[in-house]
Structure formats: C-alpha cells, structure tokens
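Engineer: entry.txt is reproduced in full below (compact mmCIF, N, CA and C atoms).
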```
# COMPACT_ATOMS: atom_id res chain seq x y z
N MET A 1 71.16 84.06 73.02
CA MET A 1 72.16 83.01 73.06
C MET A 1 73.05 83.11 71.82
N SER A 2 74.31 82.90 72.02
CA SER A 2 75.29 82.94 70.94
C SER A 2 75.13 81.71 70.04
N ASP A 3 75.51 81.86 68.79
CA ASP A 3 75.52 80.73 67.85
C ASP A 3 76.76 79.86 68.00
N GLU A 4 77.72 80.32 68.82
CA GLU A 4 78.98 79.60 68.96
C GLU A 4 78.74 78.19 69.49
N ILE A 5 79.49 77.24 68.94
CA ILE A 5 79.38 75.85 69.35
C ILE A 5 80.74 75.31 69.78
N THR A 6 80.69 74.28 70.59
CA THR A 6 81.88 73.50 70.93
C THR A 6 81.69 72.13 70.31
N VAL A 7 82.75 71.63 69.73
CA VAL A 7 82.71 70.32 69.09
C VAL A 7 83.70 69.41 69.81
N VAL A 8 83.25 68.21 70.13
CA VAL A 8 84.11 67.17 70.66
C VAL A 8 84.06 66.02 69.65
N ALA A 9 85.17 65.77 69.01
CA ALA A 9 85.26 64.69 68.01
C ALA A 9 86.17 63.61 68.58
N ILE A 10 85.62 62.40 68.72
CA ILE A 10 86.34 61.29 69.34
C ILE A 10 86.73 60.29 68.26
N LEU A 11 88.03 60.01 68.19
CA LEU A 11 88.57 59.08 67.21
C LEU A 11 89.15 57.88 67.94
N LYS A 12 88.70 56.69 67.60
CA LYS A 12 89.23 55.44 68.16
C LYS A 12 90.11 54.80 67.10
N THR A 13 91.40 54.74 67.37
CA THR A 13 92.33 54.21 66.37
C THR A 13 92.43 52.70 66.43
N LYS A 14 92.85 52.13 65.33
CA LYS A 14 93.22 50.73 65.34
C LYS A 14 94.52 50.60 66.12
N MET A 15 94.74 49.44 66.72
CA MET A 15 95.96 49.18 67.47
C MET A 15 97.18 49.44 66.59
N GLY A 16 98.10 50.22 67.10
CA GLY A 16 99.32 50.52 66.37
C GLY A 16 99.22 51.72 65.45
N CYS A 17 98.03 52.31 65.31
CA CYS A 17 97.84 53.46 64.41
C CYS A 17 97.78 54.79 65.15
N GLU A 18 98.01 54.77 66.46
CA GLU A 18 97.86 55.97 67.27
C GLU A 18 98.73 57.13 66.78
N ASP A 19 99.99 56.85 66.52
CA ASP A 19 100.90 57.92 66.11
C ASP A 19 100.56 58.47 64.73
N ALA A 20 100.14 57.62 63.82
CA ALA A 20 99.76 58.08 62.48
C ALA A 20 98.52 58.97 62.55
N VAL A 21 97.57 58.60 63.39
CA VAL A 21 96.37 59.43 63.55
C VAL A 21 96.73 60.76 64.19
N ALA A 22 97.55 60.72 65.23
CA ALA A 22 97.97 61.95 65.90
C ALA A 22 98.69 62.89 64.93
N LYS A 23 99.54 62.32 64.09
CA LYS A 23 100.27 63.12 63.10
C LYS A 23 99.30 63.76 62.10
N ALA A 24 98.31 63.00 61.63
CA ALA A 24 97.32 63.54 60.69
C ALA A 24 96.51 64.65 61.34
N MET A 25 96.13 64.45 62.61
CA MET A 25 95.38 65.48 63.33
C MET A 25 96.20 66.76 63.46
N ALA A 26 97.45 66.61 63.86
CA ALA A 26 98.32 67.78 64.05
C ALA A 26 98.52 68.54 62.74
N ALA A 27 98.58 67.83 61.62
CA ALA A 27 98.78 68.49 60.33
C ALA A 27 97.61 69.39 59.95
N CYS A 28 96.44 69.11 60.48
CA CYS A 28 95.24 69.88 60.15
C CYS A 28 95.10 71.15 61.01
N VAL A 29 95.88 71.23 62.07
CA VAL A 29 95.72 72.32 63.04
C VAL A 29 95.99 73.72 62.46
N PRO A 30 97.14 73.98 61.85
CA PRO A 30 97.41 75.37 61.43
C PRO A 30 96.35 75.96 60.50
N ALA A 31 95.95 75.20 59.49
CA ALA A 31 94.95 75.74 58.55
C ALA A 31 93.58 75.90 59.22
N SER A 32 93.24 74.98 60.11
CA SER A 32 91.95 75.09 60.81
C SER A 32 91.92 76.31 61.73
N ARG A 33 93.00 76.52 62.44
CA ARG A 33 93.07 77.69 63.34
C ARG A 33 93.08 78.99 62.55
N ALA A 34 93.51 78.95 61.31
CA ALA A 34 93.54 80.15 60.47
C ALA A 34 92.17 80.51 59.92
N GLU A 35 91.21 79.61 60.00
CA GLU A 35 89.86 79.91 59.52
C GLU A 35 89.27 81.03 60.39
N ALA A 36 88.66 82.01 59.75
CA ALA A 36 88.13 83.18 60.47
C ALA A 36 87.08 82.82 61.51
N THR A 37 86.36 81.73 61.32
CA THR A 37 85.28 81.36 62.23
C THR A 37 85.72 80.38 63.32
N ASN A 38 87.00 80.02 63.34
CA ASN A 38 87.51 79.10 64.35
C ASN A 38 87.92 79.86 65.60
N ARG A 39 87.52 79.33 66.75
CA ARG A 39 87.88 79.92 68.04
C ARG A 39 88.88 79.05 68.81
N GLN A 40 88.85 77.75 68.52
CA GLN A 40 89.74 76.80 69.20
C GLN A 40 89.78 75.52 68.38
N TYR A 41 90.96 74.91 68.30
CA TYR A 41 91.10 73.65 67.55
C TYR A 41 92.29 72.91 68.16
N VAL A 42 92.00 71.98 69.07
CA VAL A 42 93.06 71.33 69.83
C VAL A 42 92.91 69.81 69.78
N PRO A 43 93.87 69.12 69.18
CA PRO A 43 93.86 67.66 69.24
C PRO A 43 94.44 67.20 70.58
N ASN A 44 93.84 66.15 71.14
CA ASN A 44 94.25 65.63 72.44
C ASN A 44 94.37 64.12 72.38
N ARG A 45 95.20 63.58 73.27
CA ARG A 45 95.33 62.13 73.42
C ARG A 45 94.79 61.77 74.80
N ASP A 46 93.98 60.72 74.88
CA ASP A 46 93.46 60.23 76.16
C ASP A 46 94.60 59.50 76.87
N LEU A 47 95.01 60.00 78.02
CA LEU A 47 96.15 59.41 78.73
C LEU A 47 95.85 58.01 79.27
N ASP A 48 94.58 57.70 79.48
CA ASP A 48 94.22 56.39 80.00
C ASP A 48 93.90 55.38 78.89
N ASN A 49 93.73 55.86 77.67
CA ASN A 49 93.45 54.98 76.53
C ASN A 49 94.13 55.57 75.30
N PRO A 50 95.36 55.18 75.04
CA PRO A 50 96.13 55.79 73.94
C PRO A 50 95.53 55.61 72.56
N GLN A 51 94.56 54.69 72.40
CA GLN A 51 93.90 54.52 71.11
C GLN A 51 92.75 55.51 70.92
N THR A 52 92.53 56.37 71.91
CA THR A 52 91.48 57.38 71.81
C THR A 52 92.13 58.75 71.68
N LEU A 53 91.82 59.42 70.57
CA LEU A 53 92.27 60.78 70.35
C LEU A 53 91.03 61.66 70.19
N ILE A 54 91.12 62.89 70.68
CA ILE A 54 89.93 63.74 70.76
C ILE A 54 90.27 65.15 70.31
N PHE A 55 89.48 65.68 69.38
CA PHE A 55 89.55 67.09 69.04
C PHE A 55 88.59 67.85 69.95
N ILE A 56 89.03 68.95 70.51
CA ILE A 56 88.17 69.91 71.18
C ILE A 56 88.22 71.16 70.31
N GLU A 57 87.06 71.57 69.81
CA GLU A 57 86.99 72.68 68.86
C GLU A 57 85.91 73.66 69.29
N ARG A 58 86.09 74.90 68.92
CA ARG A 58 85.03 75.90 69.07
C ARG A 58 84.91 76.63 67.74
N TRP A 59 83.66 76.78 67.30
CA TRP A 59 83.36 77.43 66.02
C TRP A 59 82.31 78.52 66.24
N ALA A 60 82.27 79.49 65.37
CA ALA A 60 81.33 80.60 65.48
C ALA A 60 79.88 80.13 65.36
N SER A 61 79.66 79.02 64.65
CA SER A 61 78.29 78.53 64.43
C SER A 61 78.35 77.13 63.83
N ARG A 62 77.19 76.49 63.73
CA ARG A 62 77.12 75.20 63.04
C ARG A 62 77.50 75.35 61.58
N GLN A 63 77.12 76.47 60.97
CA GLN A 63 77.49 76.71 59.57
C GLN A 63 79.00 76.81 59.43
N ALA A 64 79.65 77.43 60.41
CA ALA A 64 81.11 77.52 60.38
C ALA A 64 81.74 76.13 60.40
N LEU A 65 81.18 75.24 61.21
CA LEU A 65 81.66 73.87 61.25
C LEU A 65 81.42 73.17 59.90
N ALA A 66 80.24 73.36 59.34
CA ALA A 66 79.93 72.77 58.04
C ALA A 66 80.90 73.27 56.97
N ASP A 67 81.20 74.55 57.01
CA ASP A 67 82.16 75.13 56.06
C ASP A 67 83.54 74.52 56.25
N HIS A 68 83.94 74.35 57.51
CA HIS A 68 85.24 73.75 57.82
C HIS A 68 85.34 72.35 57.22
N MET A 69 84.26 71.60 57.29
CA MET A 69 84.27 70.22 56.81
C MET A 69 84.36 70.14 55.28
N GLU A 70 84.22 71.26 54.60
CA GLU A 70 84.36 71.32 53.14
C GLU A 70 85.73 71.86 52.70
N THR A 71 86.59 72.20 53.66
CA THR A 71 87.90 72.76 53.30
C THR A 71 88.84 71.66 52.82
N PRO A 72 89.82 72.04 52.01
CA PRO A 72 90.80 71.04 51.55
C PRO A 72 91.57 70.39 52.71
N HIS A 73 91.91 71.17 53.74
CA HIS A 73 92.69 70.58 54.83
C HIS A 73 91.87 69.58 55.64
N PHE A 74 90.57 69.81 55.81
CA PHE A 74 89.74 68.82 56.51
C PHE A 74 89.58 67.57 55.65
N LYS A 75 89.37 67.76 54.36
CA LYS A 75 89.23 66.60 53.47
C LYS A 75 90.53 65.80 53.42
N GLN A 76 91.66 66.48 53.51
CA GLN A 76 92.95 65.79 53.54
C GLN A 76 93.06 64.98 54.83
N LEU A 77 92.61 65.55 55.96
CA LEU A 77 92.60 64.81 57.22
C LEU A 77 91.73 63.56 57.10
N ALA A 78 90.53 63.72 56.59
CA ALA A 78 89.61 62.59 56.46
C ALA A 78 90.24 61.48 55.60
N ALA A 79 90.90 61.86 54.53
CA ALA A 79 91.55 60.87 53.66
C ALA A 79 92.71 60.19 54.39
N ALA A 80 93.47 60.96 55.17
CA ALA A 80 94.60 60.40 55.90
C ALA A 80 94.15 59.41 56.97
N LEU A 81 92.94 59.57 57.48
CA LEU A 81 92.43 58.70 58.54
C LEU A 81 91.86 57.38 58.01
N GLU A 82 91.62 57.31 56.70
CA GLU A 82 91.04 56.10 56.12
C GLU A 82 91.92 54.89 56.44
N GLY A 83 91.28 53.87 56.99
CA GLY A 83 91.97 52.64 57.33
C GLY A 83 92.68 52.64 58.67
N LEU A 84 92.70 53.79 59.36
CA LEU A 84 93.41 53.90 60.63
C LEU A 84 92.49 53.85 61.85
N LEU A 85 91.17 53.96 61.63
CA LEU A 85 90.23 54.04 62.74
C LEU A 85 89.44 52.75 62.90
N GLU A 86 89.10 52.43 64.15
CA GLU A 86 88.26 51.26 64.45
C GLU A 86 86.84 51.45 63.94
N ALA A 87 86.38 52.71 63.97
CA ALA A 87 85.00 53.04 63.59
C ALA A 87 84.99 54.50 63.16
N PRO A 88 83.92 54.93 62.49
CA PRO A 88 83.82 56.36 62.16
C PRO A 88 83.92 57.21 63.43
N PHE A 89 84.55 58.37 63.31
CA PHE A 89 84.68 59.19 64.52
C PHE A 89 83.33 59.73 64.95
N GLN A 90 83.19 59.88 66.27
CA GLN A 90 81.97 60.42 66.86
C GLN A 90 82.12 61.92 66.98
N VAL A 91 81.09 62.65 66.61
CA VAL A 91 81.13 64.10 66.72
C VAL A 91 79.97 64.55 67.60
N HIS A 92 80.30 65.28 68.64
CA HIS A 92 79.30 65.87 69.54
C HIS A 92 79.35 67.38 69.35
N ILE A 93 78.22 67.98 69.02
CA ILE A 93 78.11 69.43 68.82
C ILE A 93 77.36 69.99 70.03
N LEU A 94 78.03 70.86 70.77
CA LEU A 94 77.54 71.31 72.06
C LEU A 94 77.32 72.82 72.13
N GLN A 95 76.36 73.20 72.96
CA GLN A 95 76.17 74.58 73.38
C GLN A 95 75.89 74.59 74.88
N PRO A 96 76.34 75.61 75.58
CA PRO A 96 76.06 75.66 77.04
C PRO A 96 74.56 75.72 77.29
N VAL A 97 74.13 75.13 78.39
CA VAL A 97 72.72 75.16 78.76
C VAL A 97 72.41 76.36 79.64
N ALA A 98 73.41 76.99 80.16
CA ALA A 98 73.17 78.16 81.01
C ALA A 98 74.19 79.24 80.71
```
Could you take the file, read its structure, and then write that structure out as structure tokens?
Structural biologist:
Amino acid sequence: MSDEITVVAILKTKMGCEDAVAKAMAACVPASRAEATNRQYVPNRDLDNPQTLIFIERWASRQALADHMETPHFKQLAAALEGLLEAPFQVHILQPVA
C-alpha cells in the first residue's frame, strides 16, 4: 500500500467572512502546490452552504502533511483565518480501503 494520503479540511466561516476565508485559502495554493510532496491542493466552496469551504489535498505521506503544516505559507494561512471561523477546521486524513 502506498503512503499517499488524501486530506479533506473543512472550514466553517463566520457569517460574512466567506470571501476573506476564500481569499486566504487561495493565497496558500501556489506555494503548497510547489512543495515536492504535494500531489493536489484545491480549495472549494460548498455550493449549498457558502459558509463551508473545503480543501481537497493529496500528499505523499502523513509526514509530508506534517511538514506542510510547518511551512511559512501554511502558518500565514492559519494566522489569516484567526477570528474568521466558527470553529477550528476539521481535518480528515484518508487512504483508500481497496
């Protein structure tokens, strides 16, 4: 089995903060995609609930994800999100079962 993981990160914004969160997410994309261990990094908006934004990511391994979370661009994203979210974002780390 491959070490590759898929990450689904769900962000619930405060009312009226949707665009600011989307902008912060988009700003993190180029540097994240440039990481050697990144396979996919796509911010999405839930069309049925505009206060829900979701990252779909693929990384070479859990360690790759941990390394990503220590990068300056991820830390800048985390700082930009302060005060804009209803709750801490949920992170689901997935691997295929078959």
Engineer: Residues of chain A in alpha helix (DSSP H) according to DSSP, as a PyMOL selection string?
Structural biologist: chain A and resi 18-34+62-68+72-81
Engineer: Using all atoms listed in the file, which of the listed residues (A:Ala98, A:Leu47, A:His92, A:Leu53) sits closest to Val21 in chain A?
Structural biologist: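 Of the candidates, the smallest distance to Val21 in chain A is held by A:Leu53.
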Engineer: Using only N, CA and C atoms, which residues sit within 6.5 Å of Ile10 in chain A once same-chain residues fewer than 2 positions away are excluded, as a ChimeraX atom specification?
Structural biologist: /A:8,12,53-55,88-92
Engineer: Write out as a tab-separated table a residue-level contact list of range 17-50 of chain A versus range 62-75 of chain A with cut-off 12 Å: for each qualifying residue the closest pair of atoms and the distance in Å to one decimal, counting only C-alpha atoms, rows sorted by chain and residue number upward.
Structural biologist:
```
residue	atom	partner	partner_atom	distance
A:Ala24	CA	A:Phe74	CA	10.1
A:Met25	CA	A:Phe74	CA	9.5
A:Ala26	CA	A:His73	CA	11.2
A:Ala27	CA	A:His73	CA	8.5
A:Cys28	CA	A:His73	CA	5.9
A:Val29	CA	A:His73	CA	8.9
A:Pro30	CA	A:His73	CA	9.4
A:Ala31	CA	A:His73	CA	6.8
A:Ser32	CA	A:His68	CA	7.5
A:Arg33	CA	A:His68	CA	10.4
A:Ala34	CA	A:His68	CA	10.8
A:Glu35	CA	A:His68	CA	7.9
A:Ala36	CA	A:Ala64	CA	9.0
A:Thr37	CA	A:Ala64	CA	6.0
A:Asn38	CA	A:Ala64	CA	7.7
A:Arg39	CA	A:Ala64	CA	10.5
A:Gln40	CA	A:Leu65	CA	11.7
A:Tyr41	CA	A:Leu65	CA	11.4
```
Engineer: What is the distance between CA of Leu11 in chain A and atom N of Asp48 in chain A, in Å to one decimal?
Structural biologist: 13.7 Å
Engineer: Counting all atoms listed in the file, figure out which residue out of A:Leu84, A:Thr13, A:Leu77, A:Lys23 gets nearest to Gln51 in chain A.
Structural biologist: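 Closest candidate: A:Thr13.
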Engineer: Just checking: using only C-alpha atoms, which residue out of A:Ile56, A:Val42, A:Met15, A:Ile5 ends up closest to Leu94 in chain A?
Structural biologist: A:Ile5
Engineer: Between atom C of Ala22 in chain A and atom N of Trp59 in chain A, what is the distance in Å, rounded to a tenth?
Structural biologist: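 Computing the Euclidean distance for atom C of Ala22 in chain A and atom N of Trp59 in chain A yields 20.6 Å.
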Engineer: Mind giving me the axis-aligned box for range 5-8 of chain A with 6 Å on every side, centre plus edges in Å to one decimal, as AutoDock Vina command-line options?
Structural biologist:
```
--center_x 81.7 --center_y 71.6 --center_z 69.9 --size_x 16.7 --size_y 23.2 --size_z 14.0
```
Engineer: Rank nothing, just name the residue among A:Thr52, A:Arg58, A:Leu81, A:Ala20 nearest to Val7 in chain A, using only C-alpha atoms.
Structural biologist: A:Arg58
Engineer: Please compute the CA of Ala79 in chain A-atom C of Asn44 in chain A distance, one decimal, in Å.
Structural biologist: 19.2 Å
Engineer: Residues of chain A classed as strand (DSSP E) by DSSP on the backbone are to be reported as a PyMOL selection string.
Structural biologist: chain A and resi 5-12+38-45+52-59+90-94
Engineer: Taking all atoms listed in the file into account, name the residue in A:Lys14, A:Ala60, A:Ser2, A:Asp19 that is nearest to Glu86 in chain A.
Structural biologist: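 Using all atoms listed in the file, the shortest distance to Glu86 in chain A belongs to A:Lys14.
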Engineer: Missing atoms in range 69-80 of chain A: fill them in up to all heavy atoms and send the result as a compact mmCIF listing (two decimals), keeping the file's coordinate frame.
Structural biologist:
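So the final result, stored in out-v5.txt, reads:
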```txt
# COMPACT_ATOMS: atom_id res chain seq x y z
N MET A 69 84.26 71.60 57.29
CA MET A 69 84.27 70.22 56.81
C MET A 69 84.36 70.14 55.28
O MET A 69 84.59 69.06 54.73
CB MET A 69 83.06 69.47 57.35
CG MET A 69 83.15 69.30 58.87
SD MET A 69 81.68 68.59 59.60
CE MET A 69 81.91 66.88 59.13
N GLU A 70 84.22 71.26 54.60
CA GLU A 70 84.36 71.32 53.14
C GLU A 70 85.73 71.86 52.70
O GLU A 70 85.99 71.96 51.51
CB GLU A 70 83.25 72.18 52.54
CG GLU A 70 81.87 71.58 52.71
CD GLU A 70 81.73 70.21 52.05
OE1 GLU A 70 82.27 70.02 50.94
OE2 GLU A 70 81.11 69.32 52.66
N THR A 71 86.59 72.20 53.66
CA THR A 71 87.90 72.76 53.30
C THR A 71 88.84 71.66 52.82
O THR A 71 88.71 70.50 53.20
CB THR A 71 88.54 73.47 54.51
OG1 THR A 71 88.77 72.51 55.55
CG2 THR A 71 87.69 74.62 55.01
N PRO A 72 89.82 72.04 52.01
CA PRO A 72 90.80 71.04 51.55
C PRO A 72 91.57 70.39 52.71
O PRO A 72 91.83 69.19 52.67
CB PRO A 72 91.74 71.85 50.65
CG PRO A 72 90.92 73.01 50.19
CD PRO A 72 89.99 73.33 51.34
N HIS A 73 91.91 71.17 53.74
CA HIS A 73 92.69 70.58 54.83
C HIS A 73 91.87 69.58 55.64
O HIS A 73 92.41 68.57 56.09
CB HIS A 73 93.32 71.65 55.73
CG HIS A 73 92.40 72.68 56.25
ND1 HIS A 73 92.08 73.81 55.53
CD2 HIS A 73 91.71 72.77 57.41
CE1 HIS A 73 91.24 74.54 56.24
NE2 HIS A 73 90.99 73.93 57.38
N PHE A 74 90.57 69.81 55.81
CA PHE A 74 89.74 68.82 56.51
C PHE A 74 89.58 67.57 55.65
O PHE A 74 89.67 66.44 56.15
CB PHE A 74 88.37 69.39 56.88
CG PHE A 74 87.52 68.36 57.59
CD1 PHE A 74 87.67 68.16 58.95
CD2 PHE A 74 86.62 67.57 56.90
CE1 PHE A 74 86.92 67.19 59.61
CE2 PHE A 74 85.86 66.60 57.55
CZ PHE A 74 86.02 66.41 58.91
N LYS A 75 89.37 67.76 54.36
CA LYS A 75 89.23 66.60 53.47
C LYS A 75 90.53 65.80 53.42
O LYS A 75 90.51 64.57 53.33
CB LYS A 75 88.80 67.05 52.08
CG LYS A 75 87.35 67.54 52.06
CD LYS A 75 86.91 67.97 50.69
CE LYS A 75 85.45 68.39 50.73
NZ LYS A 75 84.94 68.75 49.41
N GLN A 76 91.66 66.48 53.51
CA GLN A 76 92.95 65.79 53.54
C GLN A 76 93.06 64.98 54.83
O GLN A 76 93.54 63.84 54.82
CB GLN A 76 94.09 66.80 53.44
CG GLN A 76 95.45 66.17 53.38
CD GLN A 76 96.55 67.20 53.18
OE1 GLN A 76 96.32 68.40 53.18
NE2 GLN A 76 97.76 66.71 53.01
N LEU A 77 92.61 65.55 55.96
CA LEU A 77 92.60 64.81 57.22
C LEU A 77 91.73 63.56 57.10
O LEU A 77 92.15 62.46 57.48
CB LEU A 77 92.10 65.70 58.36
CG LEU A 77 91.81 64.99 59.69
CD1 LEU A 77 93.06 64.37 60.27
CD2 LEU A 77 91.15 65.96 60.67
N ALA A 78 90.53 63.72 56.59
CA ALA A 78 89.61 62.59 56.46
C ALA A 78 90.24 61.48 55.60
O ALA A 78 90.15 60.29 55.94
CB ALA A 78 88.29 63.05 55.87
N ALA A 79 90.90 61.86 54.53
CA ALA A 79 91.55 60.87 53.66
C ALA A 79 92.71 60.19 54.39
O ALA A 79 92.90 58.97 54.26
CB ALA A 79 92.04 61.54 52.38
N ALA A 80 93.47 60.96 55.17
CA ALA A 80 94.60 60.40 55.90
C ALA A 80 94.15 59.41 56.97
O ALA A 80 94.89 58.48 57.32
CB ALA A 80 95.42 61.52 56.54
```
